[in-house]
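What follows is a set of notes on a single structure, which appears directly below.
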Amino acid sequence: MGIFDKIKNGLTRTREQILTRIEWAVKGRAIDESAFDEVEEALLLSDAGIEITEILVRALKDRWKRGQINSVDDIKRGLAEEVEKILRTVESPLDVTGNTPFVILTLGVNGAGKTTTIAKLAKLYKDMGKTVLFGACDTFRAAAIEQIEVWAKRLDIDVIKQKEGSDPAAVAYDATRAAHARGIDVLILDTAGRLHTKSNLMEEMKKIKRVTGKELQGAPHETLLVVDATNGQNAIVQTKTFNDALGVTGMVITKLDGTAKGGFILPIARSLKIPIRFVGVGEQFDDLIPFRAQEFSKALF
Amino acid sequence: MFEKLQERLEATFKKIRGHGKLTEDNIKDSLREVRIALLEADVNYKVAKDFLERVKEKAIGGEVLTSITPGQLFVRIVYDELCELLGKVNKPLDVSGSPPVSVMLVGLQGSGKTTTAGKLAIFLKKKGRRPLLVPSDVYRPAAIEQLTKIGSQINMPVFSSKGFDDPLKICVEAKAYAMKNGLDTLIVDTAGRLHIDEEMIQELIDQKRYLNPKETLLVLDAMTGQDAVNIAKTFDEKLNVDGIVLTKLDGDTRGGAAISIKAVTGKPIKFIGVGEKLDTLEPFHPERMASRILGMGDVISLVEKAQDIFDEKKARELEKKLRKDEFTLEDFRDQIKQMKKLGSIESILSMVPGFNKFKGMINFSEAEKEIKKIEAIINSMTPKERLYPHIIDGSRRLRISKGSGTKVQDVNELLRRYLETKKMIKKFAKGGMKGFPKELMMR
C-alpha cells in the first residue's frame, strides 16, 4: 500500500462524511450559499476551529463569486487547494543526518502516544540502516520504563535507564553520553506525559533539554511534540504552551486511524508554523508516515 | 477547568445586561457568542446547534421578574438547559448485588483507563469495599505491569494476569480468585482500542457478557474534540455503557466533550479525573459543572435568593409609587432592609461573574459603614419625616444627626441624594421601570 492510500485509508471516514454532506446538500441544483454551510459544518466537525473555518469558507465563496465554482467537485478541489496552501508551510521532513548522534526529545500530554511513536520512529531509522538508542526518561509513570524496554527488545535496541522515580534529566544526560560514546546515529528520549499546565513538569522538561545540550552541543536536535488527533481545540493550546516553554521543532499527529480528523493542525500550521513531521495512522510499525501536505489535503477532501 | 468558556459567556452577558426585555433581536448576539464559546470549548457542532435552539425558544418572551435583569434571566435559561443536558443529579456508582460485583473500564488508547482503575480502587475502598484490580490489557507493552505497580503503590490487591494472553480467561480466573479471597468488587481494566475496531470491540463484548458488570464505564479524555460524540455513541451502542469517567480535567481544556457525550448517549458522567495523584477521582456534579461552564453558579443562587426575598407585591407597590413620584424615605429604608437580607455587599458582589477582578478596588467595610449610617439616619426620623422629607428643616436635621450619632452634614448629604434620586426616578418613570429599584440601591 502506498503512502497516499494509507493516509486515505486512515481518513476514509472523514472523507466520506465531507463528500457526502456536500454532495447531498447540493444534489440536483446549482451551487448556492447553502453548500458553503455544509463546508462550514464539515470543517468545524473536523476540529479545525472557528477562525480557520471562516477563513476557508470565505476563500471558497470568493472563488464561487468569481465563477470558479460550479460543481461539488469544484468545491472539493477548491477546499483541498486552500487547505494545502496552509499545510504546505509545515511540510518539512525530519532529517536526522546532520549530527551524530542526532538527539530527538519527545514530549506531549499523557496518553498522546509518545512511546508507541518512539518505537515506530526507531523502526524507521533502523530500516534505514542507522543505529538507534533509547533513553527512558519517563521515570514517573508506573511501568513506563518496562514499556519502552519491551519495544527495545522487539527492535533489538539498547535502553539507557535508571530506577523508577529517579531524575529524568540524569537519564537524559547518561543517554546522551552513551550515544556519543557509542557512535549511535539516533538517540530518542522518551519522557513522561505531562499536561502543559503543570509548571513544575515543564521546568523538569526544560532541565532535560538543558542537560542534554550541555553534554552535546546542539542537542536535542529535534524537540518533537506528539499530539493525539482525537483532541479538539486544546491541541492548539498544548502546542502553544509547549512551544513557548521548550521551542518545539516538529510535531507528530497520532491516532488518525480513528474517526477523529485532526483538523486542529490547520490553525496550528497557520499561526505557529511548526513542521509536522509524521502522522500515525495505525498500530503497525510502518503506520507512522511522513507528513505530506498535498497527500493529506487530497486524502482529507 | 472551564475558565475560557466562562470568560466568553460573561462577555456575552455583559452585552445583554441593561436591555429591557429578551427578544429575538437582542439575544441574537449573545446566542452567537455562546455558539462560538461552545464550539471553541469543543462542544460538538450539532449538539451546540440543538442546545442553542432550545435556549432561544425558552429565552424569547421570557418573563422578566422585577428583581432580576434580562441578562440574569438569560443566564438562568442557559444554565437550566446546561443542567438539563448534563443530567440533573449526580448518579453514584452502583456496586450493589451479590459479590463479587464487576466494574469494567473501556475506552480509547491513552484515555486514562489504567490510572482511573487505581483511583477507583481507592474510592471504593473508602466506601468500605474490598476491590480487586484486574489488568486485562494483554496488548500494550507493560500495561499489566503498570496496573500491578499502581496496585502495590496504593496497597490494593491485583490479580496476576501475567502469562495470560486471553482477556476473557483473565476475567474467569480473576472472578474465581476474588471469590476465594473474599474480595467483593472487580475493577477490570481493558486494553485501549478504537471504537471502530470491530474485532477488538467484540472482545470487550465477550468480556462483558461473562462478567455481567454492574457498571461499564467509558473512560474519555476531557480534551477530546468533535469526535467525542462518535466515540461515546459507538462504545455505548456496542457495550451499553452505564456511565462515563472524564479524565485529565486538571488541564486547561474547556471540556465541551462533557456536554457532547451526555447529549448523544444520555449516560451520566460519574466521575472526573483531576490529577495524577491516585486519590484525585471526584464524583461528577452536573450543577457544579454547568455552573462552572457558565461561571455563573453563584449568580444563580443570587437570583434565587433575590426571588425569595424581594416580595413581588411589595415590588409592584414600589413600582407604582415610583411612577407616581411617591417614593419616600420609608421606601428607601425598606429597600435597604431587603438588600441587607441578601448578605453583605461583598458577598453579594462576589456572586457576580467577573467581579473577582475588581476585588480589592472597593473598600467593603467602608461601604457597609455607609449603608449603616444611612439606615441609622432614616431610623432617627419620625414617620412623618420619612413620608414628607421636605418638612425636615434645620432643627430637625440637628435632632436626627444627634439621634443617629452622625454629623449634620451626613443628614444633609442623604437628603441631597434622596432628592437627586427622586429627580432621576421622575425622568425614568415614563420608561421601563423593571429592575430599577435594585440598581438604585446598588449605586
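Labels used: A, B, ... for chains in the order of the C-alpha cells, numbers from 1 for residues in each chain, and numbers from 1 for ligands as shown.
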
For this session: Using only C-alpha atoms, find the residues of chain B whose closest atom to chain A is at most 6 Å away, then write them as a ChimeraX atom specification.
Result: /B:42,110,141-142,145-146,149,223-227,251,253

For this session: Extract the full set of strand (DSSP E or B) residues from stretch 48-252 of chain B according to DSSP on the backbone, and format it as a ChimeraX atom specification.
Result: /B:101-106,131-135,158,185-189,215-221,224,243-247

Exercise. Interatomic distance between atom CA of A:Leu87 and atom CA of A:Ala293?
Worked result: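 About the pair atom CA of A:Leu87 and atom CA of A:Ala293: they are 5.2 Å apart.
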
Exercise. What lies within 12 Å of stretch 201-208 of chain A using only C-alpha atoms, ignoring chain neighbours under 3 positions off, as a PyMOL selection string?
Worked result: (chain A and resi 104-110+135-140+167-176+189-198+211-215+219-220+223+238+241-248) or (chain B and resi 276)

List every residue of stretch 2-247 of chain A that DSSP, applied to the backbone of this structure, assigns to helix (DSSP H, G or I), and report them as a short mmCIF file (atom, residue, chain, number, x, y, z; two decimals) with N, CA and C atoms, in the first residue's frame.
data_model
loop_
_atom_site.label_atom_id
_atom_site.label_comp_id
_atom_site.auth_asym_id
_atom_site.auth_seq_id
_atom_site.Cartn_x
_atom_site.Cartn_y
_atom_site.Cartn_z
N ILE A 3 1.83 5.31 0.32
CA ILE A 3 1.64 6.24 1.43
C ILE A 3 0.31 6.96 1.31
N PHE A 4 -0.01 7.36 0.10
CA PHE A 4 -1.25 8.09 -0.11
C PHE A 4 -2.45 7.25 0.32
N ASP A 5 -2.42 5.97 -0.08
CA ASP A 5 -3.52 5.09 0.28
C ASP A 5 -3.65 4.94 1.79
N LYS A 6 -2.49 4.91 2.43
CA LYS A 6 -2.50 4.75 3.88
C LYS A 6 -3.21 5.91 4.56
N ILE A 7 -2.83 7.09 4.18
CA ILE A 7 -3.49 8.26 4.80
C ILE A 7 -4.96 8.23 4.43
N LYS A 8 -5.19 7.97 3.19
CA LYS A 8 -6.55 7.97 2.70
C LYS A 8 -7.37 6.95 3.48
N ASN A 9 -6.77 5.80 3.66
CA ASN A 9 -7.43 4.76 4.43
C ASN A 9 -7.77 5.26 5.82
N GLY A 10 -6.79 5.87 6.43
CA GLY A 10 -6.98 6.37 7.78
C GLY A 10 -8.04 7.46 7.83
N LEU A 11 -8.15 8.19 6.76
CA LEU A 11 -9.07 9.32 6.78
C LEU A 11 -10.36 9.06 6.02
N THR A 12 -10.56 7.80 5.62
CA THR A 12 -11.71 7.48 4.79
C THR A 12 -13.02 8.02 5.35
N ARG A 13 -13.21 7.77 6.61
CA ARG A 13 -14.47 8.19 7.21
C ARG A 13 -14.69 9.69 7.12
N THR A 14 -13.61 10.40 7.38
CA THR A 14 -13.69 11.85 7.25
C THR A 14 -14.08 12.23 5.84
N ARG A 15 -13.36 11.62 4.92
CA ARG A 15 -13.54 11.92 3.52
C ARG A 15 -14.99 11.70 3.10
N GLU A 16 -15.44 10.52 3.42
CA GLU A 16 -16.82 10.19 3.04
C GLU A 16 -17.80 11.18 3.61
N GLN A 17 -17.59 11.48 4.87
CA GLN A 17 -18.53 12.37 5.53
C GLN A 17 -18.62 13.72 4.80
N ILE A 18 -17.47 14.30 4.56
CA ILE A 18 -17.47 15.63 3.94
C ILE A 18 -18.04 15.56 2.52
N LEU A 19 -17.58 14.55 1.78
CA LEU A 19 -18.07 14.41 0.42
C LEU A 19 -19.58 14.25 0.39
N THR A 20 -20.06 13.29 1.14
CA THR A 20 -21.49 13.01 1.07
C THR A 20 -22.31 14.20 1.53
N ARG A 21 -21.82 14.85 2.56
CA ARG A 21 -22.55 16.01 3.08
C ARG A 21 -22.75 17.05 1.99
N ILE A 22 -21.65 17.42 1.37
CA ILE A 22 -21.72 18.49 0.39
C ILE A 22 -22.53 18.02 -0.82
N GLU A 23 -22.26 16.78 -1.23
CA GLU A 23 -22.97 16.27 -2.39
C GLU A 23 -24.47 16.25 -2.14
N TRP A 24 -24.81 15.78 -0.96
CA TRP A 24 -26.21 15.67 -0.63
C TRP A 24 -26.87 17.05 -0.60
N ALA A 25 -26.11 18.00 -0.07
CA ALA A 25 -26.66 19.34 0.10
C ALA A 25 -26.98 20.02 -1.22
N GLU A 33 -25.49 29.45 -1.68
CA GLU A 33 -24.90 29.73 -0.36
C GLU A 33 -24.92 28.53 0.56
N SER A 34 -26.02 27.77 0.48
CA SER A 34 -26.20 26.69 1.46
C SER A 34 -25.12 25.62 1.35
N ALA A 35 -24.56 25.48 0.16
CA ALA A 35 -23.49 24.50 0.00
C ALA A 35 -22.31 24.84 0.92
N PHE A 36 -22.12 26.13 1.13
CA PHE A 36 -20.98 26.56 1.95
C PHE A 36 -21.25 26.38 3.44
N ASP A 37 -22.55 26.33 3.78
CA ASP A 37 -22.89 26.00 5.16
C ASP A 37 -22.40 24.59 5.48
N GLU A 38 -22.55 23.72 4.48
CA GLU A 38 -22.11 22.34 4.68
C GLU A 38 -20.59 22.27 4.82
N VAL A 39 -19.91 23.12 4.03
CA VAL A 39 -18.44 23.16 4.14
C VAL A 39 -18.06 23.62 5.54
N GLU A 40 -18.77 24.63 6.01
CA GLU A 40 -18.50 25.15 7.36
C GLU A 40 -18.69 24.06 8.40
N GLU A 41 -19.81 23.37 8.28
CA GLU A 41 -20.10 22.31 9.25
C GLU A 41 -19.03 21.23 9.20
N ALA A 42 -18.67 20.83 7.99
CA ALA A 42 -17.66 19.77 7.84
C ALA A 42 -16.34 20.19 8.47
N LEU A 43 -15.96 21.43 8.25
CA LEU A 43 -14.69 21.90 8.80
C LEU A 43 -14.74 21.97 10.32
N LEU A 44 -15.86 22.48 10.84
CA LEU A 44 -15.99 22.57 12.29
C LEU A 44 -15.97 21.18 12.92
N LEU A 45 -16.63 20.25 12.25
CA LEU A 45 -16.66 18.88 12.77
C LEU A 45 -15.29 18.20 12.71
N ILE A 50 -13.13 27.64 14.70
CA ILE A 50 -13.96 28.64 14.05
C ILE A 50 -13.18 29.57 13.13
N GLU A 51 -12.03 30.03 13.62
CA GLU A 51 -11.29 31.05 12.89
C GLU A 51 -10.92 30.57 11.48
N ILE A 52 -10.24 29.42 11.43
CA ILE A 52 -9.76 28.92 10.15
C ILE A 52 -10.93 28.52 9.25
N THR A 53 -12.00 28.02 9.89
CA THR A 53 -13.18 27.64 9.12
C THR A 53 -13.74 28.85 8.40
N GLU A 54 -13.84 29.94 9.13
CA GLU A 54 -14.38 31.16 8.50
C GLU A 54 -13.48 31.64 7.36
N ILE A 55 -12.19 31.54 7.58
CA ILE A 55 -11.25 31.97 6.54
C ILE A 55 -11.42 31.12 5.28
N LEU A 56 -11.50 29.81 5.49
CA LEU A 56 -11.60 28.90 4.34
C LEU A 56 -12.93 29.07 3.60
N VAL A 57 -14.00 29.21 4.37
CA VAL A 57 -15.31 29.36 3.74
C VAL A 57 -15.35 30.66 2.92
N ARG A 58 -14.74 31.70 3.50
CA ARG A 58 -14.70 32.97 2.79
C ARG A 58 -13.92 32.83 1.48
N ALA A 59 -12.81 32.15 1.56
CA ALA A 59 -11.98 31.96 0.36
C ALA A 59 -12.75 31.20 -0.71
N LEU A 60 -13.51 30.19 -0.30
CA LEU A 60 -14.29 29.40 -1.26
C LEU A 60 -15.42 30.22 -1.86
N LYS A 61 -16.05 31.01 -1.01
CA LYS A 61 -17.15 31.85 -1.51
C LYS A 61 -16.62 32.86 -2.53
N ASP A 62 -15.43 33.37 -2.27
CA ASP A 62 -14.82 34.29 -3.22
C ASP A 62 -14.64 33.62 -4.58
N ARG A 63 -14.15 32.39 -4.54
CA ARG A 63 -13.99 31.65 -5.79
C ARG A 63 -15.34 31.49 -6.50
N TRP A 64 -16.33 31.20 -5.70
CA TRP A 64 -17.68 30.99 -6.24
C TRP A 64 -18.20 32.27 -6.91
N LYS A 65 -17.97 33.39 -6.21
CA LYS A 65 -18.43 34.66 -6.75
C LYS A 65 -17.69 35.01 -8.04
N VAL A 72 -19.91 20.38 -7.17
CA VAL A 72 -19.39 19.86 -5.91
C VAL A 72 -17.90 19.57 -6.03
N ASP A 73 -17.51 19.06 -7.17
CA ASP A 73 -16.09 18.76 -7.38
C ASP A 73 -15.24 20.03 -7.28
N ASP A 74 -15.78 21.13 -7.78
CA ASP A 74 -15.06 22.39 -7.69
C ASP A 74 -14.87 22.79 -6.23
N ILE A 75 -15.91 22.56 -5.45
CA ILE A 75 -15.81 22.90 -4.03
C ILE A 75 -14.71 22.07 -3.37
N LYS A 76 -14.77 20.77 -3.65
CA LYS A 76 -13.79 19.87 -3.05
C LYS A 76 -12.38 20.25 -3.46
N ARG A 77 -12.23 20.51 -4.76
CA ARG A 77 -10.91 20.84 -5.27
C ARG A 77 -10.45 22.16 -4.65
N GLY A 78 -11.35 23.11 -4.60
CA GLY A 78 -11.02 24.42 -4.04
C GLY A 78 -10.61 24.30 -2.58
N LEU A 79 -11.37 23.51 -1.85
CA LEU A 79 -11.09 23.33 -0.42
C LEU A 79 -9.72 22.68 -0.24
N ALA A 80 -9.49 21.63 -1.03
CA ALA A 80 -8.20 20.92 -0.93
C ALA A 80 -7.05 21.87 -1.24
N GLU A 81 -7.25 22.72 -2.21
CA GLU A 81 -6.18 23.66 -2.58
C GLU A 81 -5.90 24.66 -1.47
N GLU A 82 -7.00 25.18 -0.90
CA GLU A 82 -6.83 26.15 0.18
C GLU A 82 -6.15 25.51 1.39
N VAL A 83 -6.58 24.30 1.70
CA VAL A 83 -6.00 23.59 2.85
C VAL A 83 -4.53 23.29 2.58
N GLU A 84 -4.27 22.87 1.37
CA GLU A 84 -2.89 22.52 1.04
C GLU A 84 -1.98 23.74 1.15
N LYS A 85 -2.53 24.88 0.76
CA LYS A 85 -1.76 26.11 0.83
C LYS A 85 -1.27 26.35 2.27
N ILE A 86 -2.18 26.09 3.20
CA ILE A 86 -1.82 26.28 4.61
C ILE A 86 -0.84 25.21 5.07
N LEU A 87 -1.12 23.97 4.68
CA LEU A 87 -0.32 22.87 5.21
C LEU A 87 1.06 22.77 4.57
N ARG A 88 1.18 23.33 3.37
CA ARG A 88 2.48 23.23 2.71
C ARG A 88 3.56 23.93 3.52
N LYS A 114 3.26 8.86 22.87
CA LYS A 114 4.70 9.10 22.74
C LYS A 114 5.49 7.81 22.57
N THR A 115 5.28 6.87 23.48
CA THR A 115 6.12 5.68 23.48
C THR A 115 5.93 4.84 22.22
N THR A 116 4.69 4.72 21.79
CA THR A 116 4.40 3.98 20.56
C THR A 116 5.06 4.68 19.37
N THR A 117 4.98 5.99 19.35
CA THR A 117 5.60 6.77 18.27
C THR A 117 7.12 6.55 18.25
N ILE A 118 7.68 6.53 19.43
CA ILE A 118 9.13 6.31 19.54
C ILE A 118 9.52 4.97 18.94
N ALA A 119 8.74 3.94 19.24
CA ALA A 119 9.02 2.61 18.71
C ALA A 119 8.96 2.62 17.19
N LYS A 120 7.95 3.30 16.67
CA LYS A 120 7.79 3.36 15.21
C LYS A 120 8.94 4.12 14.57
N LEU A 121 9.35 5.21 15.23
CA LEU A 121 10.47 6.00 14.72
C LEU A 121 11.74 5.17 14.67
N ALA A 122 11.95 4.43 15.75
CA ALA A 122 13.15 3.61 15.85
C ALA A 122 13.19 2.58 14.72
N LYS A 123 12.05 2.00 14.46
CA LYS A 123 11.96 1.01 13.38
C LYS A 123 12.32 1.67 12.05
N LEU A 124 11.78 2.85 11.87
CA LEU A 124 12.03 3.59 10.63
C LEU A 124 13.52 3.82 10.41
N TYR A 125 14.21 4.28 11.46
CA TYR A 125 15.63 4.59 11.31
C TYR A 125 16.48 3.33 11.23
N LYS A 126 16.05 2.29 11.94
CA LYS A 126 16.77 1.02 11.85
C LYS A 126 16.70 0.49 10.43
N ASP A 127 15.51 0.59 9.87
CA ASP A 127 15.34 0.10 8.49
C ASP A 127 16.19 0.90 7.51
N ALA A 144 6.45 2.62 32.91
CA ALA A 144 6.79 3.28 31.65
C ALA A 144 8.13 2.75 31.13
N ILE A 145 9.06 2.52 32.04
CA ILE A 145 10.37 2.01 31.65
C ILE A 145 10.24 0.61 31.06
N GLU A 146 9.42 -0.22 31.72
CA GLU A 146 9.18 -1.57 31.21
C GLU A 146 8.58 -1.51 29.81
N GLN A 147 7.68 -0.54 29.61
CA GLN A 147 7.01 -0.43 28.31
C GLN A 147 8.02 -0.17 27.20
N ILE A 148 8.92 0.77 27.42
CA ILE A 148 9.89 1.06 26.36
C ILE A 148 10.91 -0.08 26.22
N GLU A 149 11.15 -0.77 27.32
CA GLU A 149 12.06 -1.92 27.26
C GLU A 149 11.50 -3.04 26.38
N VAL A 150 10.18 -3.23 26.48
CA VAL A 150 9.55 -4.26 25.65
C VAL A 150 9.75 -3.92 24.17
N TRP A 151 9.52 -2.65 23.85
CA TRP A 151 9.72 -2.23 22.46
C TRP A 151 11.18 -2.40 22.05
N ALA A 152 12.07 -2.00 22.92
CA ALA A 152 13.51 -2.08 22.62
C ALA A 152 13.91 -3.52 22.32
N LYS A 153 13.37 -4.43 23.09
CA LYS A 153 13.69 -5.84 22.90
C LYS A 153 13.20 -6.32 21.54
N ARG A 154 11.97 -5.92 21.22
CA ARG A 154 11.42 -6.32 19.93
C ARG A 154 12.24 -5.78 18.78
N LEU A 155 12.81 -4.60 18.98
CA LEU A 155 13.55 -3.94 17.90
C LEU A 155 15.05 -4.16 18.00
N PRO A 168 14.79 12.38 35.70
CA PRO A 168 14.78 12.14 34.26
C PRO A 168 15.92 12.86 33.53
N ALA A 169 16.34 14.00 34.08
CA ALA A 169 17.44 14.73 33.45
C ALA A 169 18.73 13.92 33.54
N ALA A 170 18.88 13.20 34.63
CA ALA A 170 20.07 12.37 34.80
C ALA A 170 20.09 11.25 33.75
N VAL A 171 18.90 10.70 33.48
CA VAL A 171 18.80 9.66 32.45
C VAL A 171 19.14 10.25 31.09
N ALA A 172 18.63 11.44 30.83
CA ALA A 172 18.89 12.10 29.55
C ALA A 172 20.39 12.34 29.37
N TYR A 173 21.01 12.76 30.46
CA TYR A 173 22.45 13.02 30.45
C TYR A 173 23.21 11.72 30.12
N ASP A 174 22.89 10.67 30.87
CA ASP A 174 23.53 9.37 30.65
C ASP A 174 23.35 8.90 29.21
N ALA A 175 22.12 9.02 28.75
CA ALA A 175 21.79 8.52 27.41
C ALA A 175 22.56 9.29 26.34
N THR A 176 22.64 10.61 26.52
CA THR A 176 23.36 11.43 25.54
C THR A 176 24.84 11.04 25.52
N ARG A 177 25.38 10.88 26.71
CA ARG A 177 26.79 10.46 26.83
C ARG A 177 27.02 9.13 26.15
N ALA A 178 26.13 8.19 26.46
CA ALA A 178 26.28 6.83 25.93
C ALA A 178 26.18 6.85 24.41
N ALA A 179 25.22 7.61 23.90
CA ALA A 179 25.02 7.68 22.45
C ALA A 179 26.26 8.25 21.78
N HIS A 180 26.81 9.26 22.42
CA HIS A 180 28.02 9.90 21.90
C HIS A 180 29.19 8.91 21.89
N ALA A 181 29.37 8.27 23.03
CA ALA A 181 30.49 7.34 23.19
C ALA A 181 30.38 6.16 22.24
N ARG A 182 29.16 5.71 22.01
CA ARG A 182 29.00 4.51 21.19
C ARG A 182 28.88 4.82 19.70
N SER A 199 3.36 23.57 35.74
CA SER A 199 4.59 24.32 35.52
C SER A 199 5.81 23.58 36.05
N ASN A 200 5.63 22.81 37.13
CA ASN A 200 6.79 22.09 37.65
C ASN A 200 7.29 21.04 36.66
N LEU A 201 6.34 20.41 35.97
CA LEU A 201 6.71 19.39 34.99
C LEU A 201 7.33 20.02 33.75
N MET A 202 6.91 21.22 33.44
CA MET A 202 7.51 21.93 32.32
C MET A 202 8.95 22.32 32.67
N GLU A 203 9.15 22.67 33.93
CA GLU A 203 10.50 23.00 34.38
C GLU A 203 11.40 21.78 34.27
N GLU A 204 10.84 20.65 34.65
CA GLU A 204 11.59 19.39 34.57
C GLU A 204 12.03 19.14 33.13
N MET A 205 11.11 19.43 32.21
CA MET A 205 11.39 19.23 30.80
C MET A 205 12.50 20.16 30.32
N LYS A 206 12.45 21.39 30.81
CA LYS A 206 13.50 22.35 30.45
C LYS A 206 14.86 21.85 30.91
N LYS A 207 14.83 21.25 32.09
CA LYS A 207 16.09 20.75 32.65
C LYS A 207 16.64 19.62 31.79
N ILE A 208 15.75 18.73 31.36
CA ILE A 208 16.18 17.63 30.49
C ILE A 208 16.85 18.20 29.25
N LYS A 209 16.22 19.21 28.71
CA LYS A 209 16.73 19.82 27.48
C LYS A 209 18.09 20.47 27.71
N ARG A 210 18.17 21.18 28.82
CA ARG A 210 19.40 21.89 29.17
C ARG A 210 20.56 20.92 29.34
N VAL A 211 20.30 19.88 30.10
CA VAL A 211 21.33 18.90 30.42
C VAL A 211 21.84 18.21 29.15
N THR A 212 20.89 17.90 28.26
CA THR A 212 21.25 17.25 27.00
C THR A 212 22.16 18.16 26.18
N GLY A 213 21.82 19.43 26.17
CA GLY A 213 22.58 20.39 25.40
C GLY A 213 23.96 20.63 25.99
N LYS A 214 24.08 20.49 27.28
CA LYS A 214 25.35 20.69 27.94
C LYS A 214 26.32 19.56 27.57
N GLU A 215 25.76 18.37 27.52
CA GLU A 215 26.60 17.20 27.23
C GLU A 215 26.99 17.17 25.75
N ASN A 234 -8.05 22.11 22.33
CA ASN A 234 -6.99 22.16 23.33
C ASN A 234 -5.62 21.82 22.72
N ALA A 235 -5.64 21.11 21.59
CA ALA A 235 -4.38 20.78 20.93
C ALA A 235 -3.60 22.05 20.59
N ILE A 236 -4.32 23.09 20.26
CA ILE A 236 -3.69 24.36 19.90
C ILE A 236 -3.02 24.97 21.13
N VAL A 237 -3.74 24.94 22.24
CA VAL A 237 -3.19 25.48 23.48
C VAL A 237 -1.97 24.66 23.91
N GLN A 238 -2.11 23.35 23.81
CA GLN A 238 -0.99 22.47 24.15
C GLN A 238 0.25 22.87 23.36
N THR A 239 0.07 22.96 22.06
CA THR A 239 1.20 23.23 21.19
C THR A 239 1.83 24.58 21.50
N LYS A 240 0.99 25.57 21.69
CA LYS A 240 1.48 26.90 22.02
C LYS A 240 2.29 26.88 23.30
N THR A 241 1.71 26.23 24.32
CA THR A 241 2.37 26.24 25.63
C THR A 241 3.70 25.49 25.59
N PHE A 242 3.68 24.32 24.98
CA PHE A 242 4.93 23.55 24.88
C PHE A 242 5.96 24.34 24.07
N ASN A 243 5.49 24.96 23.02
CA ASN A 243 6.40 25.70 22.15
C ASN A 243 7.01 26.90 22.87
N ASP A 244 6.18 27.63 23.60
CA ASP A 244 6.69 28.77 24.34
C ASP A 244 7.74 28.35 25.36
N ALA A 245 7.48 27.23 26.01
CA ALA A 245 8.37 26.81 27.09
C ALA A 245 9.62 26.11 26.56
N LEU A 246 9.47 25.36 25.49
CA LEU A 246 10.56 24.46 25.11
C LEU A 246 11.03 24.58 23.67
#

Exercise. Near B:Val106, counting only C-alpha atoms, which residues have an atom at most 8 Å away, once you skip same-chain residues fewer than 4 positions from it, shown as a list of chain:residue names?
Worked result: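 Near B:Val106, the qualifying residues are B:Lys113, B:Asp189, B:Thr190, B:Ala191, B:Gly192, B:Thr216, B:Leu217, B:Leu218, B:Val219.
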
Same residues, C-alpha atoms, saved as an mmCIF file, in the first residue's frame:
data_model
loop_
_atom_site.group_PDB
_atom_site.id
_atom_site.type_symbol
_atom_site.label_atom_id
_atom_site.label_comp_id
_atom_site.auth_asym_id
_atom_site.auth_seq_id
_atom_site.Cartn_x
_atom_site.Cartn_y
_atom_site.Cartn_z
ATOM 1 C CA LYS B 113 -8.182 3.751 31.958
ATOM 2 C CA ASP B 189 -9.003 -2.588 33.187
ATOM 3 C CA THR B 190 -9.210 -3.350 29.483
ATOM 4 C CA ALA B 191 -6.947 -2.619 26.527
ATOM 5 C CA GLY B 192 -7.445 0.680 24.754
ATOM 6 C CA THR B 216 -19.434 -0.488 32.453
ATOM 7 C CA LEU B 217 -17.640 2.831 32.433
ATOM 8 C CA LEU B 218 -16.387 4.605 29.347
ATOM 9 C CA VAL B 219 -13.195 6.479 30.125
#
